[in-house]
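J.: Below is a structure I'd like to ask you about.
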Amino acid sequence: MDHFNYQAGVLHAEDVPLTDIAASVGTPFYVYSSATLLRHLRLFDEALEGTDHLVCFAMKALSNLAVVRLIAATGAGVDVVSGGEYARAKAAGVPGERIVFSGVGKTRAEMRQALEGGIRQFNLESEPEMEALNEVALSMGLVAPVTVRVNPDVDAKTHAKIATGKSENKFGIPIARAREVYARIAGMPGLRIVGIDVHIGSQLTDLEPYRLAYRKVAELTETLRAEGHDIRRLDLGGGLGIPYERSNSAPPLPLDYGAMVKQELAHLGCEIEIEPGRLIAGNAGLLVSGVIYVKEGEGRQFLILDAAMNDLLRPAMYDAWHEIVPVRQAAPGAVLTPYDVVGPVCESGDTFARGRMLPSVAAGDLVAFRSAGAYGAVMASEYNSRPLVPEVLVDRDQFAVIRRRPTFDEMIERDTIPPWLQDAEA
Ligand code: LLP
């Protein structure tokens, strides 16, 4: 469920007509609904009710400061994967004890930054990384709280580019080696074991891969405890999928997920952490775009939008399907025609959809991509020197620009002409 509905024939974000935002901000733009973000966050809290838990929003899905502030103000934590995300989390006001640091290649500088600013735990992914963190922590006179991300070798049954829990993936350490690795950590004075971490992939639409992975983690918890390790926390990762296509069978709900987690893990008495990103932000955001031209091709009609693959990369990168709807509601029973929906970037990959059935659309109309809140704005680039799309946050009947569109000058100012070229004639 989301809060993007038609009222009086115009698509609204909560109580704000998207046409008002377009008039004030220009297109394209991303718009997020506070109510939807908070609702999804609450669903996870409700799903894990009765267990000691912390929901750590995976900021990589949507890392705008305002969104992180909104989410963290509920008491939630965040999962970060870079020094930049850590800095954003702190700037948004998230206390260090609610920040988890994940990622397969944390640098020493990032480790230092997080130890200085405060950290709930590092999720470690390799032995060289353990050695590095041990050294960094000792050099600062600190002890770093850690879990080890184990790779349970299960098939998450998702897109190959976002599956992470198979042994061929770069993530975590093989679960079969966990005993050895935990024993090594126990001998490192700069590290303190607090639990186990696992994350098997993203856009999962089935609970079974999770169940298999969590069973292995439960078993490992008992083994490691028997060997004297203090396993008090289980970080179960993120990955629960969302329904991109309404007609498709719906992925499991957070409530079902929570019930499965309790069934598999409650007996261990661990604190549970989860790192959802997509399920919180995905359906809480739209990308709104204007139609530049409708072009008649050979046997097909192209809808040329002012948004492109650099603004929403998912269709080009993962063949992802996003629902596209007109901002002005079509008359009931309006005839649908097939459009190839494309952006202006100079490559054929800049295609959002082929043969998409839409009510008749004309130049100047607005369309909205649904389910674009997660991995939308954050994956945008300035390819073709297209300014990053602005982001807007709605709260009931108010809206604010939470990242403005840069001017051409601002984009250009970041480049520098070196001294030896300054006098060169162009
Ligand atoms: N925790 C870890 C360690 C992760 O690597 C990820 C996502 C998450 C949590 C959050 O997963 P989520 O709940 O959002 O599925 N750009 C891709 C998705 C990449 C996901 C990477 N890791 C896409 O647009 O589909």
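By order in the structure tokens, chains are A, B, ...; within a chain, residues start at 1; ligands start at 1, following the order shown.
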As an MDAnalysis selection string, please: the residues near stretch 202-208 of chain A (cut-off 12 Å, only C-alpha atoms, same-chain neighbours under 2 positions excluded).
T.: chainID A and resid 58 61 154:165 199:200 210:215 237:244 248:261 264 275:279 282 318 320 374:375
J.: Tell me which protein, DNA and RNA residues are within 8 Å of A:Ser289, counting only C-alpha atoms, leaving out same-chain ones fewer than 5 positions away, and put them as a short mmCIF file (atom, residue, chain, number, x, y, z; two decimals) with N, CA and C atoms, in the first residue's frame.
T.:
```cif
data_model
loop_
_atom_site.label_atom_id
_atom_site.label_comp_id
_atom_site.auth_asym_id
_atom_site.auth_seq_id
_atom_site.Cartn_x
_atom_site.Cartn_y
_atom_site.Cartn_z
N THR A 27 10.19 19.25 -14.14
CA THR A 27 10.38 17.80 -14.25
C THR A 27 11.73 17.51 -14.87
N PRO A 28 12.28 16.31 -14.67
CA PRO A 28 11.75 15.26 -13.80
C PRO A 28 12.07 15.52 -12.33
N PHE A 29 11.33 14.83 -11.44
CA PHE A 29 11.65 14.90 -10.00
C PHE A 29 11.24 13.61 -9.33
N LEU A 305 10.60 10.83 -22.96
CA LEU A 305 10.41 11.53 -21.68
C LEU A 305 11.60 12.43 -21.38
N ASP A 306 11.40 13.33 -20.41
CA ASP A 306 12.56 14.13 -19.97
C ASP A 306 13.34 13.43 -18.85
N ALA A 307 12.89 12.24 -18.43
CA ALA A 307 13.70 11.41 -17.53
C ALA A 307 14.41 10.37 -18.39
N LEU A 366 2.27 14.69 -18.04
CA LEU A 366 3.16 14.16 -17.00
C LEU A 366 2.85 12.68 -16.80
N VAL A 367 3.91 11.90 -16.61
CA VAL A 367 3.73 10.49 -16.23
C VAL A 367 4.55 10.22 -14.97
N ALA A 368 4.14 9.17 -14.25
CA ALA A 368 4.86 8.83 -13.02
C ALA A 368 5.28 7.37 -13.07
#
```
J.: Could you go through stretch 216-254 of chain A and tell me which residues DSSP, when run on the backbone, assigns to strand (DSSP E or B), listing them as number ranges by chain?
T.: A: 233-235, 240
J.: Write the residues you've just listed into a file as a PDB file, in the first residue's frame, and include N, CA and C atoms for each of them.
T.:
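again34.pdb, written as the output of this step:
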```pdb
ATOM      1  N   ARG A 233      23.522 -11.240  19.273  1.00  0.00           N
ATOM      2  CA  ARG A 233      22.813 -10.442  18.280  1.00  0.00           C
ATOM      3  C   ARG A 233      22.866 -11.152  16.933  1.00  0.00           C
ATOM      4  N   LEU A 234      21.742 -11.194  16.239  1.00  0.00           N
ATOM      5  CA  LEU A 234      21.731 -11.753  14.882  1.00  0.00           C
ATOM      6  C   LEU A 234      21.263 -10.668  13.930  1.00  0.00           C
ATOM      7  N   ASP A 235      22.124 -10.339  12.971  1.00  0.00           N
ATOM      8  CA  ASP A 235      21.750  -9.382  11.934  1.00  0.00           C
ATOM      9  C   ASP A 235      21.314 -10.206  10.731  1.00  0.00           C
ATOM     10  N   LEU A 240      13.717  -8.247   1.516  1.00  0.00           N
ATOM     11  CA  LEU A 240      12.326  -8.612   1.226  1.00  0.00           C
ATOM     12  C   LEU A 240      11.823  -7.816   0.022  1.00  0.00           C
TER      13      LEU A 240
END
```
J.: Can you tell me how far atom CA of A:Ala308 sits from atom CA of A:Val67, in Å to one decimal?
T.: 23.5 Å
J.: Pick the closest to A:Lys106 from A:Met357, A:Leu138, A:Val80, A:Ala87: which is it, counting only C-alpha atoms?
T.: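 Ranked by minimum distance to A:Lys106, first place goes to A:Val80.
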J.: Taking only C-alpha atoms and all ligand atoms into account, which of A:Ile304, A:Ala377, A:Ala266, A:Ile292 comes nearest ligand 1?
T.: A:Ala377
J.: Using only C-alpha atoms and all ligand atoms for the distances, tell me which of A:Arg354, A:Arg184, A:Lys60, A:Arg246 is nearest to ligand 1.
T.: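 Among the listed residues, the smallest separation from ligand 1 belongs to A:Lys60.
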J.: Counting only C-alpha atoms and all ligand atoms, which of A:Pro418, A:Gly103, A:Gly333, A:Gly84 gets nearest to ligand 1?
T.: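 Among A:Pro418, A:Gly103, A:Gly333, A:Gly84, it is A:Gly103 that comes nearest to ligand 1.
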J.: Considering only C-alpha atoms and all ligand atoms, state which residue in the set A:Glu391, A:Glu116, A:Asp197, A:Asp415 is at the smallest distance from ligand 1.
T.: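 Result for the nearest residue to ligand 1: A:Asp197.
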J.: Can you check which residues of stretch 172-290 of chain A DSSP gives as alpha helix (DSSP H) on the backbone and send them as JSON, numbers by chain?
T.: {"A": [178, 179, 180, 181, 182, 183, 184, 185, 186, 208, 209, 210, 211, 212, 213, 214, 215, 216, 217, 218, 219, 220, 221, 222, 223, 224, 225, 226, 254, 255, 256, 257, 258, 259, 260, 261, 262, 263, 264, 265, 278, 279, 280, 281]}
J.: When you draw a straight line from atom CA of A:Val394 to atom CA of A:Ala35, how long is it in Å?
T.: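 It comes out at 8.5 Å.
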J.: Tell me which protein, DNA and RNA residues are within 10 Å of A:Gln7, counting only C-alpha atoms, leaving out same-chain ones fewer than 6 positions away, and put them as a compact mmCIF listing (two decimals) with all heavy atoms, in the first residue's frame.
T.:
```
# COMPACT_ATOMS: atom_id res chain seq x y z
N ALA A 13 0.48 12.90 -4.19
CA ALA A 13 1.34 12.30 -3.18
C ALA A 13 0.72 12.75 -1.87
O ALA A 13 0.72 13.96 -1.58
CB ALA A 13 2.77 12.80 -3.31
N GLU A 14 0.17 11.82 -1.11
CA GLU A 14 -0.65 12.17 0.05
C GLU A 14 -1.68 13.20 -0.38
O GLU A 14 -2.46 12.94 -1.28
CB GLU A 14 0.23 12.60 1.24
CG GLU A 14 1.24 11.48 1.59
CD GLU A 14 2.01 11.68 2.88
OE1 GLU A 14 1.62 12.50 3.73
OE2 GLU A 14 3.03 10.97 3.05
N ASP A 15 -1.65 14.42 0.17
CA ASP A 15 -2.68 15.40 -0.22
C ASP A 15 -2.17 16.46 -1.18
O ASP A 15 -2.79 17.52 -1.35
CB ASP A 15 -3.26 16.07 1.05
CG ASP A 15 -3.98 15.05 1.90
OD1 ASP A 15 -4.60 14.12 1.32
OD2 ASP A 15 -3.90 15.14 3.14
N VAL A 16 -1.02 16.20 -1.80
CA VAL A 16 -0.45 17.21 -2.70
C VAL A 16 -0.58 16.75 -4.15
O VAL A 16 -0.10 15.66 -4.51
CB VAL A 16 1.06 17.44 -2.38
CG1 VAL A 16 1.65 18.49 -3.32
CG2 VAL A 16 1.26 17.84 -0.93
N PRO A 17 -1.22 17.55 -5.01
CA PRO A 17 -1.29 17.16 -6.43
C PRO A 17 0.10 17.21 -7.05
O PRO A 17 0.84 18.18 -6.85
CB PRO A 17 -2.18 18.24 -7.07
CG PRO A 17 -2.69 19.09 -5.96
CD PRO A 17 -1.87 18.83 -4.73
N ARG A 328 -2.46 12.83 -14.95
CA ARG A 328 -3.90 13.15 -15.10
C ARG A 328 -4.62 11.88 -15.48
O ARG A 328 -4.33 11.28 -16.52
CB ARG A 328 -4.11 14.23 -16.16
CG ARG A 328 -3.72 15.58 -15.61
CD ARG A 328 -4.15 16.73 -16.50
NE ARG A 328 -3.48 17.94 -16.07
CZ ARG A 328 -3.86 18.68 -15.04
NH1 ARG A 328 -4.94 18.35 -14.35
NH2 ARG A 328 -3.17 19.75 -14.69
N GLN A 329 -5.55 11.49 -14.63
CA GLN A 329 -6.20 10.21 -14.79
C GLN A 329 -6.94 10.13 -16.13
O GLN A 329 -7.65 11.08 -16.50
CB GLN A 329 -7.20 10.02 -13.66
CG GLN A 329 -7.69 8.62 -13.49
CD GLN A 329 -8.46 8.47 -12.17
OE1 GLN A 329 -8.97 9.44 -11.61
NE2 GLN A 329 -8.55 7.25 -11.69
```
J.: Near A:Ala363, counting only C-alpha atoms, which residues have an atom at most 8 Å away, once you skip same-chain residues fewer than 5 positions from it, shown as a PyMOL selection string?
T.: chain A and resi 290-294
J.: What is the atom CA of A:Ser82-atom CA of A:Thr407 distance in Å, reported with one decimal?
T.: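 Distance between the two atoms: 26.9 Å.
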J.: Tell me which protein, DNA and RNA residues are within 12 Å of A:Asp45, counting only C-alpha atoms, leaving out same-chain ones fewer than 2 positions away, and put them as a PyMOL selection string.
T.: chain A and resi 38-43+47-57+74-77+254-255+257-259+272-274+276+280
J.: Of the residues A:Asn64, A:Ser24, A:Thr337, A:Asn169, which is the one nearest to ligand 1, using only C-alpha atoms and all ligand atoms?
T.: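 So, comparing all the options, the nearest one is A:Asn169.
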J.: Write out as a list in words the residues lying within 7 Å of A:Leu286, counting only C-alpha atoms and excluding same-chain residues fewer than 4 positions away.
T.: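 That gives Tyr30, Val31, Tyr32, Ala368, Phe369, Arg370, Ser371, Ala372 and Gly373 of chain A.
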J.: Restricting the output to N, CA and C atoms, write the selected residues as a short mmCIF file (atom, residue, chain, number, x, y, z; two decimals), in the first residue's frame.
T.:
```cif
data_model
loop_
_atom_site.label_atom_id
_atom_site.label_comp_id
_atom_site.auth_asym_id
_atom_site.auth_seq_id
_atom_site.Cartn_x
_atom_site.Cartn_y
_atom_site.Cartn_z
N TYR A 30 11.90 13.32 -8.23
CA TYR A 30 11.49 12.22 -7.36
C TYR A 30 10.62 12.79 -6.25
N VAL A 31 9.58 12.06 -5.87
CA VAL A 31 8.75 12.52 -4.75
C VAL A 31 8.51 11.34 -3.82
N TYR A 32 8.66 11.60 -2.52
CA TYR A 32 8.50 10.56 -1.51
C TYR A 32 7.36 10.90 -0.56
N ALA A 368 4.14 9.17 -14.25
CA ALA A 368 4.86 8.83 -13.02
C ALA A 368 5.28 7.37 -13.07
N PHE A 369 6.52 7.12 -12.66
CA PHE A 369 7.01 5.75 -12.48
C PHE A 369 6.75 5.38 -11.04
N ARG A 370 6.03 4.30 -10.82
CA ARG A 370 5.80 3.86 -9.46
C ARG A 370 6.97 3.03 -8.95
N SER A 371 6.98 2.81 -7.65
CA SER A 371 7.98 1.94 -6.98
C SER A 371 9.40 2.39 -7.27
N ALA A 372 9.59 3.70 -7.35
CA ALA A 372 10.91 4.23 -7.71
C ALA A 372 11.65 4.83 -6.51
N GLY A 373 11.11 4.64 -5.31
CA GLY A 373 11.72 5.26 -4.13
C GLY A 373 13.03 4.61 -3.72
#
```
